[in-house]
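Source file: final10.pdb; contents: PDB, C-alpha atoms, pLDDT in the B column.
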MODEL        1
ATOM      1  CA  MET A1229       4.586-102.457  43.645  1.00 35.00           C
ATOM      2  CA  SER A1230       6.497-104.199  40.893  1.00 35.00           C
ATOM      3  CA  SER A1231       8.711-107.172  41.642  1.00 35.00           C
ATOM      4  CA  GLY A1232      12.204-106.361  42.817  1.00 39.00           C
ATOM      5  CA  THR A1233      11.242-103.216  44.742  1.00 48.00           C
ATOM      6  CA  THR A1234      11.715-102.865  48.472  1.00 63.00           C
ATOM      7  CA  THR A1235       8.658-103.245  50.668  1.00 90.00           C
ATOM      8  CA  ALA A1236       7.435 -99.956  52.092  1.00 96.00           C
ATOM      9  CA  THR A1237       7.744 -99.383  55.822  1.00 97.00           C
ATOM     10  CA  ARG A1238       4.885 -98.337  58.105  1.00 97.00           C
ATOM     11  CA  ALA A1239       6.344 -94.826  58.192  1.00 98.00           C
ATOM     12  CA  GLU A1240       6.268 -94.660  54.395  1.00 98.00           C
ATOM     13  CA  TYR A1241       2.626 -95.715  54.295  1.00 98.00           C
ATOM     14  CA  CYS A1242       1.936 -92.908  56.767  1.00 98.00           C
ATOM     15  CA  VAL A1243       3.812 -90.444  54.546  1.00 98.00           C
ATOM     16  CA  VAL A1244       1.720 -91.437  51.525  1.00 98.00           C
ATOM     17  CA  ALA A1245      -1.492 -91.178  53.556  1.00 98.00           C
ATOM     18  CA  CYS A1246      -0.506 -87.665  54.640  1.00 98.00           C
ATOM     19  CA  ALA A1247       0.372 -86.716  51.064  1.00 98.00           C
ATOM     20  CA  GLU A1248      -3.072 -87.842  49.919  1.00 98.00           C
ATOM     21  CA  ALA A1249      -4.647 -85.273  52.232  1.00 97.00           C
ATOM     22  CA  TRP A1250      -3.351 -82.583  49.836  1.00 97.00           C
ATOM     23  CA  ARG A1251      -4.358 -84.342  46.601  1.00 96.00           C
ATOM     24  CA  GLY A1252      -6.275 -81.924  44.402  1.00 90.00           C
ATOM     25  CA  ALA A1253      -5.774 -79.086  46.890  1.00 91.00           C
ATOM     26  CA  GLY A1254      -4.703 -76.615  44.213  1.00 91.00           C
ATOM     27  CA  GLU A1255      -2.833 -73.429  45.086  1.00 91.00           C
ATOM     28  CA  VAL A1256      -3.244 -73.495  48.848  1.00 92.00           C
ATOM     29  CA  LEU A1257      -0.696 -73.340  51.637  1.00 93.00           C
ATOM     30  CA  ALA A1258       0.224 -76.687  53.146  1.00 95.00           C
ATOM     31  CA  SER A1259       0.984 -76.346  56.863  1.00 93.00           C
ATOM     32  CA  PRO A1260       2.259 -79.685  58.165  1.00 96.00           C
ATOM     33  CA  MET A1261       3.192 -79.641  61.844  1.00 93.00           C
ATOM     34  CA  SER A1262       5.380 -82.710  62.260  1.00 95.00           C
ATOM     35  CA  THR A1263       8.001 -84.732  60.409  1.00 97.00           C
ATOM     36  CA  VAL A1264       5.827 -87.287  58.610  1.00 98.00           C
ATOM     37  CA  PRO A1265       3.244 -84.713  57.437  1.00 98.00           C
ATOM     38  CA  THR A1266       6.103 -82.465  56.243  1.00 98.00           C
ATOM     39  CA  ILE A1267       7.483 -85.304  54.136  1.00 98.00           C
ATOM     40  CA  GLY A1268       3.946 -86.015  52.916  1.00 98.00           C
ATOM     41  CA  ALA A1269       3.334 -82.415  51.838  1.00 98.00           C
ATOM     42  CA  ARG A1270       6.636 -82.325  49.952  1.00 98.00           C
ATOM     43  CA  LEU A1271       5.841 -85.636  48.286  1.00 98.00           C
ATOM     44  CA  ALA A1272       2.459 -84.270  47.183  1.00 98.00           C
ATOM     45  CA  LYS A1273       4.179 -81.180  45.761  1.00 98.00           C
ATOM     46  CA  LEU A1274       6.615 -83.316  43.752  1.00 98.00           C
ATOM     47  CA  THR A1275       3.926 -85.631  42.382  1.00 98.00           C
ATOM     48  CA  PHE A1276       0.185 -85.054  42.135  1.00 97.00           C
ATOM     49  CA  SER A1277      -0.221 -81.560  43.668  1.00 97.00           C
ATOM     50  CA  PRO A1278       2.387 -79.351  41.960  1.00 96.00           C
ATOM     51  CA  ASP A1279       0.516 -76.105  42.750  1.00 95.00           C
ATOM     52  CA  LEU A1280       0.771 -76.658  46.515  1.00 96.00           C
ATOM     53  CA  LEU A1281       2.477 -73.818  48.398  1.00 94.00           C
ATOM     54  CA  LEU A1282       5.212 -74.719  50.876  1.00 95.00           C
ATOM     55  CA  THR A1283       7.092 -72.684  53.450  1.00 92.00           C
ATOM     56  CA  ASP A1284      10.440 -73.062  55.167  1.00 89.00           C
ATOM     57  CA  GLY A1285       8.566 -73.428  58.448  1.00 84.00           C
ATOM     58  CA  GLU A1286       9.171 -69.808  59.385  1.00 84.00           C
ATOM     59  CA  ALA A1287       8.416 -66.859  57.096  1.00 86.00           C
ATOM     60  CA  LEU A1288       9.418 -67.762  53.541  1.00 90.00           C
ATOM     61  CA  LEU A1289       7.459 -69.290  50.692  1.00 92.00           C
ATOM     62  CA  ILE A1290       9.796 -71.710  48.950  1.00 94.00           C
ATOM     63  CA  GLY A1291       9.868 -72.643  45.277  1.00 93.00           C
ATOM     64  CA  ASP A1292      11.876 -75.842  45.493  1.00 95.00           C
ATOM     65  CA  VAL A1293      11.436 -78.963  47.610  1.00 96.00           C
ATOM     66  CA  PRO A1294      14.507 -79.434  49.809  1.00 95.00           C
ATOM     67  CA  ALA A1295      15.205 -82.412  51.984  1.00 96.00           C
ATOM     68  CA  VAL A1296      13.786 -82.197  55.493  1.00 96.00           C
ATOM     69  CA  GLY A1297      16.164 -80.071  57.557  1.00 93.00           C
ATOM     70  CA  ALA A1298      17.914 -78.581  54.518  1.00 94.00           C
ATOM     71  CA  ARG A1299      17.699 -74.931  53.462  1.00 93.00           C
ATOM     72  CA  ALA A1300      15.602 -74.046  50.426  1.00 94.00           C
ATOM     73  CA  GLN A1301      17.512 -72.740  47.428  1.00 94.00           C
ATOM     74  CA  VAL A1302      14.536 -71.035  45.757  1.00 95.00           C
ATOM     75  CA  VAL A1303      12.538 -68.415  47.680  1.00 93.00           C
ATOM     76  CA  GLU A1304       9.297 -67.256  46.062  1.00 91.00           C
ATOM     77  CA  GLY A1305       8.085 -64.793  48.645  1.00 90.00           C
ATOM     78  CA  TRP A1306       7.917 -63.513  52.194  1.00 89.00           C
ATOM     79  CA  LEU A1307       5.091 -64.740  54.408  1.00 85.00           C
ATOM     80  CA  PRO A1308       5.115 -62.717  57.641  1.00 84.00           C
ATOM     81  CA  TYR A1309       2.778 -63.647  60.449  1.00 78.00           C
ATOM     82  CA  ARG A1310       0.081 -61.146  59.478  1.00 80.00           C
ATOM     83  CA  GLN A1311      -0.050 -62.512  55.932  1.00 81.00           C
ATOM     84  CA  HIS A1312      -0.172 -66.042  57.255  1.00 77.00           C
ATOM     85  CA  LEU A1313      -3.223 -65.077  59.308  1.00 77.00           C
ATOM     86  CA  ALA A1314      -4.819 -63.579  56.196  1.00 79.00           C
ATOM     87  CA  LEU A1315      -4.412 -66.914  54.417  1.00 78.00           C
ATOM     88  CA  VAL A1316      -6.034 -68.691  57.347  1.00 77.00           C
ATOM     89  CA  ALA A1317      -8.971 -66.275  57.470  1.00 77.00           C
ATOM     90  CA  THR A1318      -9.663 -66.727  53.764  1.00 78.00           C
ATOM     91  CA  GLY A1319      -9.448 -70.508  53.855  1.00 80.00           C
ATOM     92  CA  ARG A1320      -6.447 -70.783  51.546  1.00 87.00           C
ATOM     93  CA  ARG A1321      -4.582 -73.206  53.769  1.00 91.00           C
ATOM     94  CA  HIS A1322      -4.836 -76.870  54.735  1.00 95.00           C
ATOM     95  CA  VAL A1323      -3.142 -77.473  58.048  1.00 95.00           C
ATOM     96  CA  MET A1324      -2.244 -80.861  59.516  1.00 97.00           C
ATOM     97  CA  MET A1325      -1.968 -80.517  63.269  1.00 96.00           C
ATOM     98  CA  GLY A1326      -1.203 -82.909  66.073  1.00 96.00           C
ATOM     99  CA  ALA A1327      -3.498 -83.676  69.003  1.00 97.00           C
ATOM    100  CA  SER A1328      -2.892 -84.660  72.601  1.00 97.00           C
ATOM    101  CA  GLN A1329      -6.531 -85.772  72.665  1.00 98.00           C
ATOM    102  CA  LEU A1330      -9.080 -86.233  69.878  1.00 98.00           C
ATOM    103  CA  ASP A1331     -12.686 -87.342  70.334  1.00 98.00           C
ATOM    104  CA  ARG A1332     -15.196 -89.095  68.099  1.00 98.00           C
ATOM    105  CA  HIS A1333     -16.583 -85.768  66.809  1.00 98.00           C
ATOM    106  CA  GLY A1334     -13.142 -84.390  65.927  1.00 98.00           C
ATOM    107  CA  ASN A1335     -12.704 -82.047  68.883  1.00 98.00           C
ATOM    108  CA  GLN A1336      -8.987 -81.632  69.560  1.00 98.00           C
ATOM    109  CA  ASN A1337      -7.111 -80.821  72.745  1.00 97.00           C
ATOM    110  CA  ILE A1338      -3.551 -79.478  72.860  1.00 96.00           C
ATOM    111  CA  SER A1339      -4.023 -77.284  75.924  1.00 95.00           C
ATOM    112  CA  CYS A1340      -4.171 -79.271  79.162  1.00 94.00           C
ATOM    113  CA  ILE A1341      -4.921 -82.676  80.649  1.00 95.00           C
ATOM    114  CA  GLY A1342      -7.393 -82.823  83.499  1.00 94.00           C
ATOM    115  CA  ALA A1343     -10.003 -80.408  84.808  1.00 89.00           C
ATOM    116  CA  TRP A1344      -9.666 -76.836  83.566  1.00 83.00           C
ATOM    117  CA  ASP A1345      -9.618 -75.354  87.082  1.00 85.00           C
ATOM    118  CA  ARG A1346      -6.845 -77.738  88.211  1.00 88.00           C
ATOM    119  CA  PRO A1347      -5.182 -79.507  85.273  1.00 91.00           C
ATOM    120  CA  GLU A1348      -2.816 -82.398  85.809  1.00 93.00           C
ATOM    121  CA  ARG A1349      -0.622 -81.391  82.853  1.00 92.00           C
ATOM    122  CA  GLN A1350      -0.142 -78.079  81.070  1.00 90.00           C
ATOM    123  CA  LEU A1351       0.412 -78.523  77.329  1.00 91.00           C
ATOM    124  CA  LEU A1352       0.961 -76.077  74.451  1.00 88.00           C
ATOM    125  CA  GLY A1353      -2.165 -74.049  74.994  1.00 87.00           C
ATOM    126  CA  VAL A1354      -4.999 -73.439  72.548  1.00 90.00           C
ATOM    127  CA  ARG A1355      -2.686 -71.682  70.067  1.00 85.00           C
ATOM    128  CA  GLY A1356      -4.308 -71.177  66.649  1.00 85.00           C
ATOM    129  CA  ALA A1357      -6.477 -74.303  66.745  1.00 91.00           C
ATOM    130  CA  PRO A1358      -9.912 -72.584  66.951  1.00 90.00           C
ATOM    131  CA  VAL A1359      -9.132 -70.278  64.023  1.00 88.00           C
ATOM    132  CA  ASN A1360      -7.661 -73.140  62.020  1.00 90.00           C
ATOM    133  CA  THR A1361     -10.679 -75.392  62.421  1.00 93.00           C
ATOM    134  CA  LEU A1362     -13.268 -72.715  61.688  1.00 92.00           C
ATOM    135  CA  ASN A1363     -11.553 -71.101  58.701  1.00 91.00           C
ATOM    136  CA  ASN A1364      -9.682 -73.721  56.698  1.00 91.00           C
ATOM    137  CA  PRO A1365      -9.460 -77.503  56.297  1.00 94.00           C
ATOM    138  CA  THR A1366      -7.737 -79.034  59.315  1.00 96.00           C
ATOM    139  CA  SER A1367      -6.490 -82.605  59.367  1.00 98.00           C
ATOM    140  CA  TYR A1368      -4.698 -84.405  62.191  1.00 98.00           C
ATOM    141  CA  TRP A1369      -1.600 -86.591  62.438  1.00 98.00           C
ATOM    142  CA  ILE A1370      -1.263 -88.946  65.417  1.00 98.00           C
ATOM    143  CA  PRO A1371       2.057 -90.852  65.397  1.00 98.00           C
ATOM    144  CA  LYS A1372       1.049 -93.195  68.253  1.00 98.00           C
ATOM    145  CA  HIS A1373      -2.565 -94.339  68.191  1.00 98.00           C
ATOM    146  CA  SER A1374      -3.791 -95.083  71.719  1.00 98.00           C
ATOM    147  CA  PRO A1375      -6.840 -94.672  74.003  1.00 98.00           C
ATOM    148  CA  ARG A1376      -4.974 -91.826  75.726  1.00 97.00           C
ATOM    149  CA  VAL A1377      -5.203 -89.801  72.514  1.00 98.00           C
ATOM    150  CA  PHE A1378      -8.473 -91.083  71.015  1.00 98.00           C
ATOM    151  CA  VAL A1379     -10.782 -90.305  73.936  1.00 98.00           C
ATOM    152  CA  GLU A1380     -14.542 -90.214  74.435  1.00 97.00           C
ATOM    153  CA  ARG A1381     -14.415 -86.586  75.548  1.00 96.00           C
ATOM    154  CA  VAL A1382     -11.480 -84.166  75.385  1.00 97.00           C
ATOM    155  CA  ASP A1383     -10.534 -82.396  78.602  1.00 96.00           C
ATOM    156  CA  MET A1384     -10.563 -79.050  76.801  1.00 95.00           C
ATOM    157  CA  VAL A1385     -11.614 -78.098  73.289  1.00 96.00           C
ATOM    158  CA  SER A1386      -8.808 -76.439  71.349  1.00 96.00           C
ATOM    159  CA  GLY A1387      -9.708 -77.421  67.792  1.00 96.00           C
ATOM    160  CA  VAL A1388     -13.454 -77.455  67.071  1.00 97.00           C
ATOM    161  CA  GLY A1389     -15.161 -80.736  66.129  1.00 97.00           C
ATOM    162  CA  TYR A1390     -18.298 -81.314  64.085  1.00 98.00           C
ATOM    163  CA  ASP A1391     -20.715 -81.378  67.040  1.00 97.00           C
ATOM    164  CA  ARG A1392     -19.525 -78.103  68.522  1.00 97.00           C
ATOM    165  CA  ALA A1393     -19.379 -76.387  65.155  1.00 96.00           C
ATOM    166  CA  ALA A1394     -22.984 -77.444  64.489  1.00 97.00           C
ATOM    167  CA  ALA A1395     -24.068 -76.184  67.911  1.00 96.00           C
ATOM    168  CA  ALA A1396     -22.453 -72.794  67.239  1.00 95.00           C
ATOM    169  CA  GLY A1397     -24.419 -72.346  64.017  1.00 95.00           C
ATOM    170  CA  PRO A1398     -23.755 -71.290  60.409  1.00 94.00           C
ATOM    171  CA  SER A1399     -20.934 -68.890  61.241  1.00 90.00           C
ATOM    172  CA  ALA A1400     -18.945 -71.857  62.585  1.00 92.00           C
ATOM    173  CA  THR A1401     -19.941 -74.515  60.046  1.00 93.00           C
ATOM    174  CA  ARG A1402     -19.491 -72.453  56.878  1.00 91.00           C
ATOM    175  CA  TYR A1403     -15.803 -73.302  56.401  1.00 91.00           C
ATOM    176  CA  HIS A1404     -15.389 -76.012  59.028  1.00 94.00           C
ATOM    177  CA  ARG A1405     -13.973 -79.273  57.619  1.00 95.00           C
ATOM    178  CA  ILE A1406     -11.819 -82.097  59.011  1.00 97.00           C
ATOM    179  CA  PRO A1407     -10.857 -84.125  55.935  1.00 97.00           C
ATOM    180  CA  ASP A1408      -8.477 -86.673  57.442  1.00 98.00           C
ATOM    181  CA  VAL A1409      -7.153 -88.119  60.655  1.00 98.00           C
ATOM    182  CA  ILE A1410      -4.033 -90.193  60.033  1.00 98.00           C
ATOM    183  CA  SER A1411      -2.331 -92.326  62.652  1.00 98.00           C
ATOM    184  CA  ASN A1412       0.336 -94.994  62.667  1.00 98.00           C
ATOM    185  CA  LEU A1413      -2.483 -97.557  62.408  1.00 98.00           C
ATOM    186  CA  GLY A1414      -4.727 -96.181  59.688  1.00 98.00           C
ATOM    187  CA  VAL A1415      -6.685 -93.354  58.093  1.00 98.00           C
ATOM    188  CA  PHE A1416      -9.956 -92.004  59.473  1.00 98.00           C
ATOM    189  CA  ASP A1417     -12.621 -89.486  58.463  1.00 98.00           C
ATOM    190  CA  PHE A1418     -16.034 -88.216  59.544  1.00 98.00           C
ATOM    191  CA  GLU A1419     -18.096 -89.298  56.536  1.00 97.00           C
ATOM    192  CA  THR A1420     -20.929 -90.718  58.629  1.00 97.00           C
ATOM    193  CA  PRO A1421     -24.546 -89.493  59.070  1.00 96.00           C
ATOM    194  CA  ASP A1422     -23.798 -88.141  62.554  1.00 96.00           C
ATOM    195  CA  ARG A1423     -20.315 -86.843  61.627  1.00 97.00           C
ATOM    196  CA  THR A1424     -18.458 -89.149  63.987  1.00 98.00           C
ATOM    197  CA  MET A1425     -15.148 -90.824  63.254  1.00 98.00           C
ATOM    198  CA  ARG A1426     -14.977 -93.677  60.767  1.00 98.00           C
ATOM    199  CA  LEU A1427     -12.143 -96.043  59.925  1.00 98.00           C
ATOM    200  CA  ARG A1428     -11.379 -95.429  56.232  1.00 98.00           C
ATOM    201  CA  SER A1429      -8.300 -97.588  55.688  1.00 98.00           C
ATOM    202  CA  LEU A1430      -5.863 -99.784  57.570  1.00 98.00           C
ATOM    203  CA  HIS A1431      -2.134 -99.621  57.090  1.00 98.00           C
ATOM    204  CA  PRO A1432      -0.813-103.041  55.980  1.00 96.00           C
ATOM    205  CA  GLY A1433      -0.115-105.326  58.932  1.00 95.00           C
ATOM    206  CA  VAL A1434      -2.783-103.656  61.113  1.00 97.00           C
ATOM    207  CA  THR A1435      -6.074-105.350  61.998  1.00 97.00           C
ATOM    208  CA  VAL A1436      -9.465-103.838  62.749  1.00 98.00           C
ATOM    209  CA  GLU A1437      -9.256-105.367  66.220  1.00 98.00           C
ATOM    210  CA  GLN A1438      -6.011-103.525  66.926  1.00 98.00           C
ATOM    211  CA  VAL A1439      -7.543-100.205  65.932  1.00 98.00           C
ATOM    212  CA  VAL A1440     -10.698-100.754  67.984  1.00 98.00           C
ATOM    213  CA  GLU A1441      -8.644-101.744  71.043  1.00 98.00           C
ATOM    214  CA  ALA A1442      -6.471 -98.628  70.679  1.00 98.00           C
ATOM    215  CA  THR A1443      -9.459 -96.267  70.376  1.00 98.00           C
ATOM    216  CA  GLY A1444     -11.252 -94.969  73.463  1.00 98.00           C
ATOM    217  CA  PHE A1445     -14.664 -94.503  71.841  1.00 98.00           C
ATOM    218  CA  ALA A1446     -17.063 -96.348  69.545  1.00 96.00           C
ATOM    219  CA  LEU A1447     -15.582 -96.117  66.063  1.00 97.00           C
ATOM    220  CA  THR A1448     -17.608 -96.632  62.893  1.00 97.00           C
ATOM    221  CA  VAL A1449     -16.066 -99.597  61.075  1.00 97.00           C
ATOM    222  CA  PRO A1450     -17.325-100.492  57.569  1.00 96.00           C
ATOM    223  CA  ASP A1451     -17.850-104.137  56.682  1.00 95.00           C
ATOM    224  CA  ASP A1452     -14.959-104.122  54.248  1.00 95.00           C
ATOM    225  CA  VAL A1453     -12.051-101.863  55.235  1.00 97.00           C
ATOM    226  CA  PRO A1454      -9.427-101.379  52.494  1.00 97.00           C
ATOM    227  CA  HIS A1455      -5.712-100.993  53.032  1.00 97.00           C
ATOM    228  CA  THR A1456      -3.973 -97.638  52.745  1.00 97.00           C
ATOM    229  CA  ARG A1457      -2.665 -97.012  49.255  1.00 96.00           C
ATOM    230  CA  GLU A1458       0.725 -98.508  48.516  1.00 96.00           C
ATOM    231  CA  PRO A1459       3.489 -96.054  47.582  1.00 98.00           C
ATOM    232  CA  THR A1460       4.777 -96.334  44.038  1.00 97.00           C
ATOM    233  CA  ALA A1461       8.412 -97.073  43.296  1.00 97.00           C
ATOM    234  CA  GLU A1462       8.910 -93.432  42.281  1.00 98.00           C
ATOM    235  CA  GLU A1463       7.305 -92.179  45.492  1.00 98.00           C
ATOM    236  CA  LEU A1464       9.602 -94.409  47.533  1.00 98.00           C
ATOM    237  CA  ARG A1465      12.599 -93.048  45.648  1.00 98.00           C
ATOM    238  CA  LEU A1466      11.533 -89.471  46.345  1.00 98.00           C
ATOM    239  CA  ILE A1467      10.916 -90.205  50.029  1.00 98.00           C
ATOM    240  CA  ARG A1468      14.171 -92.077  50.580  1.00 98.00           C
ATOM    241  CA  GLU A1469      16.575 -90.192  48.319  1.00 98.00           C
ATOM    242  CA  VAL A1470      15.206 -86.667  47.884  1.00 98.00           C
ATOM    243  CA  ILE A1471      12.897 -85.619  50.729  1.00 98.00           C
ATOM    244  CA  ASP A1472      14.057 -87.647  53.736  1.00 98.00           C
ATOM    245  CA  PRO A1473      17.469 -89.209  53.035  1.00 98.00           C
ATOM    246  CA  LYS A1474      18.253 -89.227  56.773  1.00 97.00           C
ATOM    247  CA  ALA A1475      15.171 -91.414  57.425  1.00 97.00           C
ATOM    248  CA  LEU A1476      13.772 -89.059  60.052  1.00 97.00           C
ATOM    249  CA  ARG A1477      10.344 -90.593  59.341  1.00 98.00           C
ATOM    250  CA  ASP A1478      11.459 -93.791  61.105  1.00 97.00           C
ATOM    251  CA  ARG A1479      12.047 -91.910  64.347  1.00 97.00           C
ATOM    252  CA  GLU A1480       8.417 -90.775  64.370  1.00 97.00           C
ATOM    253  CA  VAL A1481       6.991 -94.101  63.234  1.00 97.00           C
ATOM    254  CA  PRO A1482       9.369 -96.946  64.140  1.00 92.00           C
ATOM    255  CA  ALA A1483       9.128-100.199  62.213  1.00 84.00           C
ATOM    256  CA  ALA A1484       6.114-102.241  63.334  1.00 66.00           C
TER     257      ALA A1484
ENDMDL
END

Write-out of the structure in structure tokens:
Amino acid sequence: MSSGTTTATRAEYCVVACAEAWRGAGEVLASPMSTVPTIGARLAKLTFSPDLLLTDGEALLIGDVPAVGARAQVVEGWLPYRQHLALVATGRRHVMMGASQLDRHGNQNISCIGAWDRPERQLLGVRGAPVNTLNNPTSYWIPKHSPRVFVERVDMVSGVGYDRAAAAGPSATRYHRIPDVISNLGVFDFETPDRTMRLRSLHPGVTVEQVVEATGFALTVPDDVPHTREPTAEELRLIREVIDPKALRDREVPAA
């Protein structure tokens, strides 16, 4: 960033990393499922992905980019549940979900913790995770990177990872793709020969050792790990003044 600008916060690096997940996406529906990804999708729409489709979080396609929590002033269309499912089935959506557990192959759990026949904790349930992961690009946002989330083996598979998709055959792998996993520590992908998780970039102020310690499985770490892209001055203005003036991003990712 140029001299005289304010240093970006960890939350703002996370926002930019989430926005990058939709770079070059074209006219597809962005479905962010948390505060930071929502800000990221709106930032992408206002900058390098103007064709991205956004919703109000319920049943309306919106034509403007309101601040988080504000009502849209421009409505482009109605997107009832059945039409939303049609978009999913045809792959015209890139969803960014959360995960209570995520393993090295990208299998996600949002259903329960513990053995299936007697779980210790009941969570959301499988929801739409299997359909999401088999029909359209599915990325993940983890606001607190820890070994409790990044586990060797998930207690139950909700979202399908690369190993299970491969085992199920061509019908499962045809549209299966997990482009990005973004946490408060860095950005990860599965661009390895065995399709296991790789560290792609570190957020500034984070070390490789911190990431390895906070991950409950063997992570592929390149010899030279770059830092996550720095937000531009214009992106910071949009984040702080237009999209998230109430700084809700800092509640999800507190200052390091």

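Across A:Leu1307, A:Val1256, A:Ala1343, A:Ala1272, the tightest approach to Gly1319 (chain A) is made by A:Val1256 when counting only C-alpha atoms.
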
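The gap separating CA of Trp1306 (chain A) from CA of Ala1245 (chain A) is 29.3 Å, in Å to one decimal.
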
What are the centre and the three edge lengths of an axis-aligned box that wraps all atoms of region 1372-1385 of chain A in the file, given that 4 Å is added to every side, written as lines of an AutoDock Vina configuration file and rounded to one decimal in Å?
center_x = -6.7
center_y = -86.6
center_z = 73.4
size_x = 23.6
size_y = 25.0
size_z = 18.4

Cut-off 8 Å around (-11.2, -70.7, 60.8) with only C-alpha atoms: residues as a PyMOL selection string: chain A and resi 1316-1317+1319+1358-1364+1403-1404

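What the PyMOL selection byres ((chain A and resi 1437-1445) around 6) matches in the given file is A:Ser1374, A:Pro1375, A:Phe1378, A:Val1379, A:Glu1380, A:Thr1435, A:Val1436, A:Ala1446.
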
Local residues around (11.9, -77.5, 44.7), at most 12 Å away, using all atoms listed in the file, as a PyMOL selection string: chain A and resi 1270-1275+1278-1284+1289-1296+1298-1304+1470-1471

Selection: 7 Å around region 1418-1434 of chain A, all atoms listed in the file, excl. self and same-chain fewer than 3 positions, as an MDAnalysis selection string: chainID A and resid 1241 1332:1333 1390 1413:1415 1438 1447:1449 1453:1456

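Minimum distance to Gln1311 (chain A) across A:Leu1351, A:Ala1269, A:Ala1247, A:Leu1257 (counting only C-alpha atoms) occurs at A:Leu1257.
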
Separation of CA of Asp1478 (chain A) from CA of His1322 (chain A) in Å: 24.3 Å

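Comparing A:Leu1464, A:Leu1313, A:Ala1239, A:Val1354 by their smallest distance to Val1481 (chain A), the closest is A:Ala1239 (using all atoms listed in the file).
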
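Between CA of Glu1255 (chain A) and CA of Gly1305 (chain A) there is a distance of 14.4 Å.
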
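Here the question is which of A:Glu1463, A:Asp1408, A:Ser1328, A:Trp1369 gets nearest to Phe1276 (chain A) using only C-alpha atoms, and that residue is A:Glu1463.
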
Among the residues A:Gly1252, A:Pro1473, A:Gly1268, A:Gly1326, the one that comes closest to Ile1370 (chain A) [using all atoms listed in the file]: A:Gly1326

Result set of the PyMOL selection byres ((chain A and resi 1263) around 9) on the coordinates above, as a PyMOL selection string: chain A and resi 1260-1262+1264-1268+1296+1476-1477+1480

Using only C-alpha atoms: which of A:Ala1394, A:Ala1314, A:Val1409, A:Ala1287 has the shortest distance to Asp1331 (chain A): A:Val1409

Matched chain/residue IDs from the PyMOL selection byres ((chain A and resi 1350) around 12), as a list in words: Ser1328, Asn1337, Ile1338, Ser1339, Cys1340, Ile1341, Gly1342, Ala1343, Trp1344, Asp1345, Arg1346, Pro1347, Glu1348, Arg1349, Leu1351, Leu1352, Gly1353, Val1354, Asp1383 and Met1384 of chain A
